[in-house]
>>> print(open('my_file-v5.cif').read())   # mmCIF, C-alpha atoms
data_entry
#
loop_
_atom_site.label_atom_id
_atom_site.label_comp_id
_atom_site.auth_asym_id
_atom_site.auth_seq_id
_atom_site.Cartn_x
_atom_site.Cartn_y
_atom_site.Cartn_z
CA MET A 1 0.00 0.00 0.00
CA ARG A 2 2.77 2.37 1.10
CA GLY A 3 4.76 1.22 -1.95
CA ASN A 4 1.84 2.07 -4.22
CA THR A 5 1.49 5.52 -2.66
CA ILE A 6 5.19 6.24 -3.17
CA ALA A 7 5.01 4.97 -6.76
CA SER A 8 1.98 7.15 -7.49
CA PHE A 9 3.67 10.17 -5.91
CA THR A 10 6.83 9.56 -7.96
CA LEU A 11 4.74 9.28 -11.11
CA LEU A 12 2.88 12.48 -10.24
CA LEU A 13 6.20 14.26 -9.68
CA SER A 14 7.52 13.06 -13.01
CA VAL A 15 4.35 14.19 -14.76
CA MET A 16 4.55 17.60 -13.05
CA GLY A 17 8.25 17.87 -13.86
CA SER A 18 7.51 16.98 -17.43
CA LEU A 19 4.70 19.48 -17.58
CA TYR A 20 6.68 22.41 -16.38
CA GLY A 21 10.32 21.68 -16.94
CA GLN A 22 10.50 19.33 -19.95
CA ASP A 23 12.75 17.30 -17.69
CA CYS A 24 12.31 13.71 -18.81
CA VAL A 25 15.11 12.29 -16.66
CA ASP A 26 12.62 10.36 -14.50
CA LEU A 27 11.28 8.64 -17.58
CA GLU A 28 14.63 7.62 -19.00
CA ASN A 29 14.98 4.36 -17.11
CA ALA A 30 11.32 3.90 -16.34
CA PRO A 31 9.72 0.51 -17.01
CA SER A 32 7.39 0.35 -19.99
CA GLU A 33 4.27 0.09 -17.80
CA ARG A 34 5.14 3.43 -16.23
CA LEU A 35 5.64 5.06 -19.61
CA VAL A 36 2.19 3.83 -20.65
CA SER A 37 0.70 5.14 -17.44
CA PHE A 38 2.43 8.53 -18.02
CA LEU A 39 0.99 8.77 -21.53
CA GLU A 40 -2.47 7.72 -20.38
CA ARG A 41 -2.61 10.48 -17.79
CA ILE A 42 -1.16 13.36 -19.76
CA VAL A 43 -2.79 15.79 -22.18
CA PRO A 44 -0.04 16.72 -24.65
CA ASN A 45 0.84 20.41 -24.86
CA ASP A 46 3.85 22.59 -25.66
CA GLN A 47 5.23 22.16 -22.16
CA ASN A 48 5.27 18.36 -22.06
CA SER A 49 5.66 17.47 -25.74
CA LYS A 50 9.34 16.55 -25.44
CA CYS A 51 8.62 14.03 -22.68
CA VAL A 52 5.58 12.66 -24.52
CA THR A 53 7.79 12.15 -27.58
CA PHE A 54 10.44 10.46 -25.45
CA ALA A 55 7.94 8.03 -23.91
CA ILE A 56 6.35 7.17 -27.27
CA LYS A 57 9.73 6.53 -28.86
CA ALA A 58 10.90 4.36 -25.96
CA LEU A 59 7.75 2.21 -26.14
CA GLY A 60 8.21 1.76 -29.88
CA ASP A 61 11.88 0.84 -29.51
CA ARG A 62 10.89 -1.74 -26.88
CA GLN A 63 8.02 -3.01 -29.09
CA PHE A 64 5.80 -2.95 -26.02
CA LYS A 65 2.48 -4.42 -27.16
CA PRO A 66 0.37 -3.25 -24.18
CA ALA A 67 1.11 0.32 -25.33
CA VAL A 68 -0.90 -0.05 -28.55
CA GLY A 69 -4.05 1.50 -27.03
CA VAL A 70 -2.43 4.69 -25.82
CA LEU A 71 -0.24 4.98 -28.93
CA THR A 72 -3.34 4.75 -31.12
CA ARG A 73 -4.90 7.56 -29.09
CA LEU A 74 -1.77 9.65 -29.79
CA LEU A 75 -1.71 9.07 -33.55
CA ASP A 76 -2.20 12.79 -34.20
CA PHE A 77 0.28 13.97 -31.58
CA ARG A 78 2.83 16.15 -33.42
CA ARG A 79 6.28 16.20 -31.85
CA PRO A 80 8.21 19.46 -31.49
CA PRO A 81 10.86 20.08 -34.16
CA SER A 82 14.37 18.85 -33.39
CA GLU A 83 17.29 21.24 -33.11
CA GLU A 84 18.29 20.31 -36.67
CA GLU A 85 14.79 20.96 -38.01
CA ARG A 86 14.66 24.32 -36.21
CA ALA A 87 17.96 25.15 -37.93
CA GLY A 88 16.33 24.52 -41.31
CA VAL A 89 17.96 21.17 -42.03
CA VAL A 90 15.95 18.54 -43.87
CA THR A 91 15.40 15.35 -41.89
CA LEU A 92 13.20 12.52 -43.08
CA HIS A 93 11.80 11.76 -39.63
CA THR A 94 8.04 11.79 -39.21
CA PHE A 95 6.51 14.47 -37.00
CA TYR A 96 4.09 11.85 -35.65
CA PRO A 97 6.12 9.53 -33.40
CA ALA A 98 3.20 7.23 -32.51
CA THR A 99 3.08 6.07 -36.14
CA THR A 100 6.69 4.87 -35.97
CA ALA A 101 6.11 3.26 -32.58
CA LEU A 102 3.04 1.35 -33.82
CA GLU A 103 4.94 0.27 -36.94
CA GLN A 104 7.74 -1.05 -34.73
CA ILE A 105 5.23 -3.05 -32.68
CA GLY A 106 3.96 -4.51 -35.95
CA ARG A 107 0.83 -6.38 -36.93
CA SER A 108 -0.43 -6.87 -33.40
CA SER A 109 -1.20 -3.14 -33.44
CA LEU A 110 -3.54 -3.46 -36.42
CA PRO A 111 -6.87 -4.30 -34.68
CA LEU A 112 -6.78 -1.03 -32.71
CA VAL A 113 -5.40 0.89 -35.70
CA LEU A 114 -8.39 -0.37 -37.71
CA LYS A 115 -10.73 0.70 -34.93
CA ALA A 116 -9.21 4.19 -35.15
CA ILE A 117 -9.75 4.30 -38.91
CA LYS A 118 -13.42 3.36 -38.50
CA SER A 119 -14.21 5.54 -35.49
CA SER A 120 -16.08 8.83 -35.89
CA SER A 121 -14.17 10.32 -32.96
CA THR A 122 -10.79 9.95 -34.70
CA SER A 123 -9.38 13.21 -36.06
CA ALA A 124 -8.68 13.48 -39.79
CA LYS A 125 -4.91 13.56 -39.17
CA ALA A 126 -5.05 10.56 -36.83
CA ARG A 127 -7.05 8.64 -39.46
CA GLU A 128 -4.48 9.47 -42.16
CA ASN A 129 -1.70 8.37 -39.82
CA ALA A 130 -3.58 5.17 -38.96
CA VAL A 131 -3.72 4.26 -42.66
CA ASP A 132 0.00 5.07 -42.92
CA VAL A 133 0.70 2.64 -40.06
CA TRP A 134 -1.48 0.00 -41.71
CA MET A 135 0.32 0.26 -45.04
CA GLU A 136 3.79 0.50 -43.49
CA THR A 137 3.06 -2.72 -41.61
CA TYR A 138 2.52 -4.30 -45.02
CA LYS A 139 5.55 -2.57 -46.55
CA TYR A 140 6.88 -5.84 -47.99
CA ASN A 141 3.52 -6.67 -49.57
CA ARG A 142 1.55 -3.49 -50.15
CA PRO A 143 -1.16 -5.08 -52.37
CA GLU A 144 -1.92 -7.44 -49.46
CA GLY A 145 -2.19 -4.38 -47.18
CA VAL A 146 -4.83 -2.92 -49.48
CA ALA A 147 -6.58 -6.29 -49.74
CA SER A 148 -6.81 -6.69 -45.97
CA LEU A 149 -8.13 -3.14 -45.63
CA LYS A 150 -10.72 -3.93 -48.30
CA ARG A 151 -11.82 -7.02 -46.36
CA ALA A 152 -12.24 -4.86 -43.26
CA ALA A 153 -14.21 -2.31 -45.29
CA THR A 154 -16.55 -5.02 -46.53
CA GLU A 155 -17.16 -6.13 -42.95
CA ALA A 156 -18.08 -2.63 -41.75
CA SER A 157 -21.82 -2.58 -41.15
CA GLU A 158 -22.54 1.03 -40.22
CA SER A 159 -22.76 3.29 -43.29
CA SER A 160 -20.60 6.10 -41.89
CA ALA A 161 -17.89 3.62 -40.88
CA LYS A 162 -18.13 2.14 -44.37
CA GLU A 163 -17.58 5.63 -45.82
CA ARG A 164 -14.49 6.13 -43.68
CA MET A 165 -13.15 2.75 -44.78
CA ASP A 166 -13.74 3.62 -48.43
CA TRP A 167 -11.77 6.83 -47.91
CA ALA A 168 -9.01 4.82 -46.18
CA LEU A 169 -8.83 2.46 -49.14
CA SER A 170 -8.31 5.24 -51.66
CA TYR A 171 -5.80 6.97 -49.34
CA ALA A 172 -3.89 3.68 -48.91
CA LEU A 173 -3.18 3.54 -52.65
CA ARG A 174 -0.61 6.34 -52.29
CA TRP A 175 1.60 3.76 -50.56
CA CYS A 176 1.75 1.54 -53.63
CA GLY A 177 4.70 2.00 -55.98
CA PRO A 178 4.17 2.19 -59.76
CA GLY A 179 4.76 -1.53 -60.26
CA ASP A 180 2.43 -2.52 -57.42
CA MET A 181 -0.33 -0.05 -58.33
CA PRO A 182 -2.35 -2.30 -60.68
CA LYS A 183 -2.44 -5.04 -58.03
CA CYS A 184 -3.32 -2.52 -55.32
CA LYS A 185 -6.15 -1.06 -57.39
CA ARG A 186 -7.45 -4.53 -58.11
CA ALA A 187 -7.31 -5.37 -54.39
CA ALA A 188 -9.22 -2.17 -53.60
CA GLY A 189 -11.84 -2.95 -56.25
CA MET A 190 -10.87 0.25 -58.09
CA ASP A 191 -9.40 -1.26 -61.23
CA ASN A 192 -12.06 -0.15 -63.67
CA MET B 1 26.80 -34.08 -46.56
CA ALA B 2 28.71 -31.46 -44.56
CA HIS B 3 27.29 -27.96 -44.16
CA ILE B 4 29.71 -25.06 -44.05
CA ARG B 5 28.70 -21.94 -42.15
CA VAL B 6 29.46 -18.90 -44.27
CA PRO B 7 29.66 -15.54 -42.46
CA VAL B 8 27.17 -12.97 -43.75
CA ARG B 9 28.82 -9.95 -45.33
CA VAL B 10 27.42 -6.79 -46.93
CA ALA B 11 29.08 -4.64 -49.60
CA LEU B 12 27.76 -1.07 -49.59
CA SER B 13 27.42 1.28 -52.52
CA GLN B 14 25.43 4.44 -53.17
CA ARG B 15 22.96 5.46 -55.87
CA ALA B 16 22.56 9.20 -56.34
CA SER B 17 23.41 9.88 -59.98
CA PRO B 18 21.28 12.24 -62.11
CA ASN B 19 18.30 10.65 -63.87
CA THR B 20 18.26 7.79 -61.37
CA THR B 21 15.24 6.68 -59.39
CA VAL B 22 14.78 4.63 -56.24
CA SER B 23 15.20 0.92 -57.00
CA PRO B 24 11.81 -0.67 -57.75
CA ASP B 25 12.43 -3.47 -55.23
CA ASP B 26 13.20 -0.95 -52.44
CA ALA B 27 10.11 -1.30 -50.21
CA ALA B 28 10.76 2.14 -48.67
CA GLY B 29 10.27 3.99 -51.98
CA PRO B 30 6.72 5.21 -51.24
CA THR B 31 7.79 6.66 -47.86
CA TYR B 32 10.67 8.53 -49.53
CA GLN B 33 8.30 9.81 -52.19
CA GLY B 34 5.88 10.97 -49.49
CA PHE B 35 8.59 13.16 -47.95
CA THR B 36 10.33 14.49 -51.08
CA GLY B 37 7.53 14.34 -53.67
CA THR B 38 9.65 12.30 -56.07
CA LEU B 39 11.22 8.89 -56.57
CA ASN B 40 14.31 10.55 -58.08
CA VAL B 41 17.63 10.50 -56.26
CA GLY B 42 20.43 13.03 -56.79
CA LEU B 43 19.68 16.77 -56.70
CA ILE B 44 16.02 17.30 -55.90
CA GLN B 45 13.80 20.27 -55.12
CA ASP B 46 11.65 18.98 -52.30
CA THR B 47 7.91 19.05 -52.54
CA GLY B 48 6.01 16.29 -50.72
CA SER B 49 5.51 16.64 -46.97
CA LEU B 50 8.86 18.44 -46.62
CA GLY B 51 7.15 21.39 -48.27
CA GLY B 52 10.21 22.90 -49.97
CA GLY B 53 13.98 23.23 -49.89
CA CYS B 54 16.81 21.42 -51.68
CA SER B 55 18.12 17.92 -50.98
CA ILE B 56 20.40 15.31 -52.41
CA GLY B 57 18.43 12.08 -52.40
CA ASN B 58 20.48 8.95 -52.05
CA GLU B 59 19.88 5.25 -51.80
CA MET B 60 22.45 3.16 -49.97
CA VAL B 61 22.53 -0.32 -51.45
CA GLY B 62 23.76 -3.29 -49.44
CA LYS B 63 24.63 -6.40 -51.47
CA VAL B 64 24.43 -9.38 -49.14
CA THR B 65 26.65 -12.45 -49.37
CA PRO B 66 25.42 -15.17 -49.47
CA SER B 67 22.66 -13.68 -51.62
CA LYS B 68 20.11 -16.23 -50.36
CA TYR B 69 20.45 -15.03 -46.76
CA THR B 70 16.95 -14.55 -45.32
CA GLY B 71 17.54 -12.68 -42.04
CA ASN B 72 17.00 -8.94 -41.59
CA ILE B 73 19.95 -6.61 -42.02
CA MET B 74 20.05 -3.18 -40.43
CA LEU B 75 21.69 -0.15 -42.02
CA HIS B 76 23.10 2.60 -39.80
CA ARG B 77 24.21 6.13 -40.59
CA TRP B 78 26.43 8.34 -38.45
CA LYS B 79 26.96 12.05 -39.10
CA THR B 80 30.54 12.97 -38.30
CA ILE B 81 29.99 16.66 -39.03
CA ARG B 82 27.35 18.97 -40.45
CA SER B 83 28.04 22.65 -40.99
CA SER B 84 25.29 25.04 -42.07
CA TYR B 85 25.73 28.56 -43.40
CA GLN B 86 23.60 31.50 -44.43
CA ASN B 87 25.57 33.07 -47.28
CA GLN B 88 29.07 32.99 -45.68
CA THR B 89 28.04 32.95 -42.01
CA LEU B 90 28.23 29.74 -40.04
CA THR B 91 24.89 29.10 -38.34
CA ALA B 92 25.40 25.60 -36.96
CA ASN B 93 28.11 23.04 -36.54
CA VAL B 94 27.04 19.59 -35.35
CA THR B 95 29.46 16.73 -34.81
CA ASN B 96 29.13 13.02 -34.11
CA GLN B 97 25.42 12.34 -34.18
CA ASP B 98 23.48 9.17 -34.89
CA ASP B 99 21.56 9.79 -38.11
CA THR B 100 20.08 6.34 -38.70
CA SER B 101 16.92 6.39 -40.81
CA ASP B 102 13.47 5.58 -39.45
CA THR B 103 12.58 1.97 -40.27
CA SER B 104 10.06 3.24 -42.82
CA LEU B 105 12.96 4.47 -44.99
CA GLU B 106 14.85 1.18 -44.89
CA ASP B 107 14.26 -2.11 -46.65
CA ASN B 108 15.89 -4.54 -44.25
CA ASP B 109 14.68 -7.76 -45.87
CA PRO B 110 17.19 -8.99 -48.47
CA GLN B 111 14.57 -11.24 -50.10
CA SER B 112 11.66 -8.78 -50.24
CA CYS B 113 9.75 -8.18 -53.47
CA SER B 114 8.14 -4.87 -54.44
CA ASN B 115 6.71 -3.64 -57.71
CA GLY B 116 7.15 -7.09 -59.21
CA VAL B 117 10.92 -7.13 -58.58
CA CYS B 118 12.64 -9.24 -55.90
CA SER B 119 15.75 -8.01 -54.08
CA GLN B 120 17.67 -11.32 -54.25
CA GLY B 121 20.13 -10.39 -51.53
CA THR B 122 19.92 -6.59 -51.44
CA VAL B 123 18.94 -4.20 -48.65
CA TYR B 124 18.38 -0.44 -48.92
CA ASP B 125 18.45 2.79 -46.92
CA LEU B 126 17.01 6.06 -48.28
CA ASP B 127 17.80 9.59 -47.20
CA ALA B 128 17.63 13.12 -48.61
CA PRO B 129 19.84 15.47 -46.59
CA GLY B 130 19.64 19.17 -47.40
CA THR B 131 18.25 22.55 -46.50
CA GLY B 132 14.61 22.95 -45.53
CA VAL B 133 11.94 25.60 -45.94
CA TYR B 134 13.66 29.01 -45.78
CA PRO B 135 11.94 31.50 -48.07
CA ASP B 136 14.25 34.39 -47.06
CA GLY B 137 16.28 34.83 -50.26
CA LEU B 138 19.55 33.99 -48.51
CA ILE B 139 21.84 31.25 -49.76
CA HIS B 140 21.61 28.30 -47.35
CA ARG B 141 24.61 26.01 -47.48
CA TYR B 142 24.85 22.47 -46.13
CA ARG B 143 28.11 20.56 -45.83
CA ALA B 144 28.22 17.17 -44.10
CA ASN B 145 30.20 13.96 -43.79
CA PHE B 146 28.59 10.62 -43.02
CA ILE B 147 29.53 7.01 -42.33
CA GLU B 148 27.20 4.13 -43.22
CA TRP B 149 27.47 0.49 -42.20
CA ALA B 150 25.42 -2.70 -42.03
CA SER B 151 24.79 -4.93 -39.04
CA LEU B 152 22.83 -7.96 -37.99
CA PRO B 153 19.87 -7.22 -35.67
CA ASN B 154 22.12 -8.16 -32.71
CA GLY B 155 24.43 -5.26 -33.61
CA LYS B 156 27.27 -7.28 -35.13
CA ILE B 157 28.84 -5.18 -37.89
CA ILE B 158 29.01 -7.05 -41.19
CA SER B 159 30.23 -4.45 -43.70
CA PRO B 160 33.17 -2.11 -44.11
CA TYR B 161 32.42 1.51 -43.21
CA TYR B 162 31.25 3.57 -46.19
CA PHE B 163 32.31 7.22 -45.92
CA PHE B 164 30.40 9.77 -47.97
CA TYR B 165 29.76 13.51 -48.11
CA VAL B 166 26.92 15.80 -49.10
CA ARG B 167 27.35 19.48 -49.98
CA LEU B 168 24.82 21.86 -51.44
CA SER B 169 23.74 25.49 -51.56
CA CYS B 170 20.12 26.52 -52.02
CA GLN B 171 18.21 29.77 -52.33
CA TYR B 172 14.54 30.63 -52.48
CA THR B 173 13.81 32.67 -55.60
CA THR B 174 10.70 33.73 -57.49
CA SER B 175 10.89 30.34 -59.23
CA GLY B 176 11.00 28.47 -55.93
CA TYR B 177 13.95 26.73 -54.31
CA GLN B 178 17.00 26.58 -56.58
CA PHE B 179 20.47 25.08 -56.23
CA VAL B 180 23.14 27.82 -56.29
CA ASN B 181 26.38 27.20 -58.16
CA ASP B 182 28.55 30.10 -56.92
CA ILE B 183 31.11 27.70 -55.39
CA LEU B 184 33.17 25.34 -57.50
CA PHE B 185 32.29 21.65 -56.95
CA ASP B 186 29.26 22.47 -54.78
CA ASN B 187 25.96 20.52 -55.04
CA MET B 188 27.54 17.10 -55.00
CA ILE B 189 27.41 13.79 -53.17
CA GLY B 190 30.18 11.24 -53.26
CA SER B 191 32.30 8.72 -51.39
CA GLY B 192 35.00 10.06 -49.08
CA THR B 193 34.84 13.32 -47.14
CA THR B 194 34.41 17.02 -47.91
CA PHE B 195 35.70 20.28 -46.52
CA THR B 196 32.87 21.81 -44.52
CA SER B 197 33.78 25.48 -44.90
CA TRP B 198 31.23 27.64 -46.74
CA ASN B 199 33.50 27.84 -49.81
CA LEU B 200 34.64 24.21 -49.57
CA GLY B 201 38.25 25.32 -49.16
CA ASN B 202 38.32 26.74 -52.68
CA TYR B 203 39.87 30.10 -51.89
#
>>> encode(input="my_file-v5.cif", output="structure tokens")
Amino acid sequence: MRGNTIASFTLLLSVMGSLYGQDCVDLENAPSERLVSFLERIVPNDQNSKCVTFAIKALGDRQFKPAVGVLTRLLDFRRPPSEEERAGVVTLHTFYPATTALEQIGRSSLPLVLKAIKSSSTSAKARENAVDVWMETYKYNRPEGVASLKRAATEASESSAKERMDWALSYALRWCGPGDMPKCKRAAGMDN
Amino acid sequence: MAHIRVPVRVALSQRASPNTTVSPDDAAGPTYQGFTGTLNVGLIQDTGSLGGGCSIGNEMVGKVTPSKYTGNIMLHRWKTIRSSYQNQTLTANVTNQDDTSDTSLEDNDPQSCSNGVCSQGTVYDLDAPGTGVYPDGLIHRYRANFIEWASLPNGKIISPYYFFYVRLSCQYTTSGYQFVNDILFDNMIGSGTTFTSWNLGNY
């Protein structure tokens, strides 16, 4: 009991520290469960965005499957620019760290990613990013990625969810290279 | 019949010549195109999600021996130095920084097939270093040296180090972002290292 109180207090301190000081030191060696708990409690803003980014990245690097829920919720969280980016240097690193983290976790993230695509409460950016995760997970077989999305679209019963899935299918095609495009279009049922 | 264990090795090379595109079997091509707006490598004016600026797109190619090896191979990039200038004024000097690509820009599977072409023992890493969105009319210069190498997922290095440089100058004009050729031998990528002074040690 006392242990739990101390743990909660430590977590609260780290959240407060993160909120006001961008000091993520307490998170650096934190177990994955604590990083998840940190992300679940926090509302991202300019003051804590560095620590939120740190926690997301750590969970992705550790491929921590229980983090999929909170990472899906943070699909539209935009990280602050790095020092290099602020200096006007091009870097090909996504501004949405939860997408990379979910991609690192792999296909076990897909059921919740699909739920995010279908849900009316998902923001437009989060939905785009969810499709990006879906297609990146199928990066070695993009036509199969489109085909599996099509199957999910067919299974959607509610008409608005069906509409969102149809949009996702057409958006997913941008991830198919020129040689894969005919197969992708066929898989999406858009080949005529 | 006796089986002989052959150590896995990777030979690195770089594709960045004019009129060259990302290899069709490179599974990371669509991600690269999303950022830069093109599948071309070499000198590119960025569109895509980067929104502007000048880059030198390059595709590191790792030829795996034995070519039938099926495990994943990781490609790493280290930036030994990057110097940035506005006209002739140094604005940043960064040394010794991990610059490894996000996994979405690497094709780590030597047997993967994309666009109807199979890699047959090749892995890839895409990047497009350069200057970003700066519509101020100044000349923005980028000079950097990199090292690339391949490893197994456990970190064991299985290639020689590949040293390469990138240098470019870019300016926003009424026609958009343009490469500037006021310095001899600027706007190049190649193996080896470069001077990182604004004038590349020419004067």
>>> interface_residues(input="my_file-v5.cif", of="chain A", to="chain B", cutoff="12 Å", atoms="only C-alpha atoms", output="MDAnalysis selection string")
chainID A and resid 57 60:61 83:97 99:106 132:133 135:144 172:184
>>> residues_around(input="my_file-v5.cif", residues="Thr53 in chain A", least_positions_apart="5", cutoff="9 Å", atoms="only C-alpha atoms", output="number ranges by chain")
A: 48, 58, 77-80, 96-98
>>> resolve_selection(input="my_file-v5.cif", expression="the PyMOL selection byres ((chain B and resi 178) around 10)", output="JSON, numbers by chain")
{"B": [44, 45, 53, 54, 139, 169, 170, 171, 172, 173, 174, 175, 176, 177, 179, 180, 181]}
>>> atom_distance(input="my_file-v5.cif", atom1="CA of Trp134 in chain A", atom2="CA of Val68 in chain A")
13.2 Å
>>> residues_around(input="my_file-v5.cif", residues="Pro66 in chain A", least_positions_apart="6", cutoff="12 Å", atoms="only C-alpha atoms", output="ChimeraX atom specification")
/A:32-37,40,59-60,72,102,105,108-109,112
>>> write_last_selection(input="my_file-v5.cif", atoms="C-alpha atoms", output="short mmCIF file (atom, residue, chain, number, x, y, z; two decimals), keeping the file's coordinate frame")
data_model
loop_
_atom_site.label_atom_id
_atom_site.label_comp_id
_atom_site.auth_asym_id
_atom_site.auth_seq_id
_atom_site.Cartn_x
_atom_site.Cartn_y
_atom_site.Cartn_z
CA SER A 32 7.39 0.35 -19.99
CA GLU A 33 4.27 0.09 -17.80
CA ARG A 34 5.14 3.43 -16.23
CA LEU A 35 5.64 5.06 -19.61
CA VAL A 36 2.19 3.83 -20.65
CA SER A 37 0.70 5.14 -17.44
CA GLU A 40 -2.47 7.72 -20.38
CA LEU A 59 7.75 2.21 -26.14
CA GLY A 60 8.21 1.76 -29.88
CA THR A 72 -3.34 4.75 -31.12
CA LEU A 102 3.04 1.35 -33.82
CA ILE A 105 5.23 -3.05 -32.68
CA SER A 108 -0.43 -6.87 -33.40
CA SER A 109 -1.20 -3.14 -33.44
CA LEU A 112 -6.78 -1.03 -32.71
#
>>> atom_distance(input="my_file-v5.cif", atom1="CA of Gly155 in chain B", atom2="CA of Glu28 in chain A")
21.8 Å
>>> resolve_selection(input="my_file-v5.cif", expression="the PyMOL selection byres ((chain A and resi 165) around 9)", output="compact mmCIF listing (two decimals) with C-alpha atoms, keeping the file's coordinate frame")
# COMPACT_ATOMS: atom_id res chain seq x y z
CA ILE A 117 -9.75 4.30 -38.91
CA LYS A 118 -13.42 3.36 -38.50
CA LEU A 149 -8.13 -3.14 -45.63
CA LYS A 150 -10.72 -3.93 -48.30
CA ALA A 152 -12.24 -4.86 -43.26
CA ALA A 153 -14.21 -2.31 -45.29
CA THR A 154 -16.55 -5.02 -46.53
CA ALA A 156 -18.08 -2.63 -41.75
CA SER A 160 -20.60 6.10 -41.89
CA ALA A 161 -17.89 3.62 -40.88
CA LYS A 162 -18.13 2.14 -44.37
CA GLU A 163 -17.58 5.63 -45.82
CA ARG A 164 -14.49 6.13 -43.68
CA ASP A 166 -13.74 3.62 -48.43
CA TRP A 167 -11.77 6.83 -47.91
CA ALA A 168 -9.01 4.82 -46.18
CA LEU A 169 -8.83 2.46 -49.14
CA SER A 170 -8.31 5.24 -51.66
>>> atom_distance(input="my_file-v5.cif", atom1="CA of Thr194 in chain B", atom2="CA of Val61 in chain B")
21.3 Å
>>> closest_residue(input="my_file-v5.cif", among="B:Thr21, B:Thr47, B:Gln88, B:Ser151", to="His76 in chain B", atoms="only C-alpha atoms")
B:Ser151
>>> decode(input="my_file-v5.cif", residues="range 136-151 of chain A", atoms="N, CA and C atoms", output="tab-separated table (two decimals), in the first residue's frame")
chain	number	residue	atom	x	y	z
A	136	GLU	N	2.37	0.72	-43.80
A	136	GLU	CA	3.79	0.50	-43.49
A	136	GLU	C	3.98	-0.91	-42.91
A	137	THR	N	2.99	-1.38	-42.18
A	137	THR	CA	3.06	-2.72	-41.61
A	137	THR	C	3.09	-3.77	-42.72
A	138	TYR	N	2.51	-3.40	-43.85
A	138	TYR	CA	2.52	-4.30	-45.02
A	138	TYR	C	3.55	-3.82	-46.05
A	139	LYS	N	4.63	-3.21	-45.59
A	139	LYS	CA	5.55	-2.57	-46.55
A	139	LYS	C	6.16	-3.58	-47.52
A	140	TYR	N	6.28	-4.84	-47.10
A	140	TYR	CA	6.88	-5.84	-47.99
A	140	TYR	C	5.82	-6.54	-48.85
A	141	ASN	N	4.58	-6.14	-48.71
A	141	ASN	CA	3.52	-6.67	-49.57
A	141	ASN	C	2.35	-5.69	-49.56
A	142	ARG	N	2.54	-4.57	-50.23
A	142	ARG	CA	1.55	-3.49	-50.15
A	142	ARG	C	0.19	-3.89	-50.75
A	143	PRO	N	0.17	-4.66	-51.87
A	143	PRO	CA	-1.16	-5.08	-52.37
A	143	PRO	C	-1.93	-5.88	-51.31
A	144	GLU	N	-1.25	-6.69	-50.52
A	144	GLU	CA	-1.92	-7.44	-49.46
A	144	GLU	C	-2.44	-6.49	-48.38
A	145	GLY	N	-1.71	-5.39	-48.13
A	145	GLY	CA	-2.19	-4.38	-47.18
A	145	GLY	C	-3.50	-3.78	-47.63
A	146	VAL	N	-3.58	-3.48	-48.93
A	146	VAL	CA	-4.83	-2.92	-49.48
A	146	VAL	C	-5.94	-3.97	-49.40
A	147	ALA	N	-5.58	-5.21	-49.74
A	147	ALA	CA	-6.58	-6.29	-49.74
A	147	ALA	C	-7.16	-6.50	-48.34
A	148	SER	N	-6.30	-6.46	-47.33
A	148	SER	CA	-6.81	-6.69	-45.97
A	148	SER	C	-7.66	-5.50	-45.50
A	149	LEU	N	-7.31	-4.30	-45.96
A	149	LEU	CA	-8.13	-3.14	-45.63
A	149	LEU	C	-9.50	-3.24	-46.33
A	150	LYS	N	-9.48	-3.75	-47.54
A	150	LYS	CA	-10.72	-3.93	-48.30
A	150	LYS	C	-11.64	-4.94	-47.59
A	151	ARG	N	-11.03	-6.03	-47.09
A	151	ARG	CA	-11.82	-7.02	-46.36
A	151	ARG	C	-12.49	-6.37	-45.14
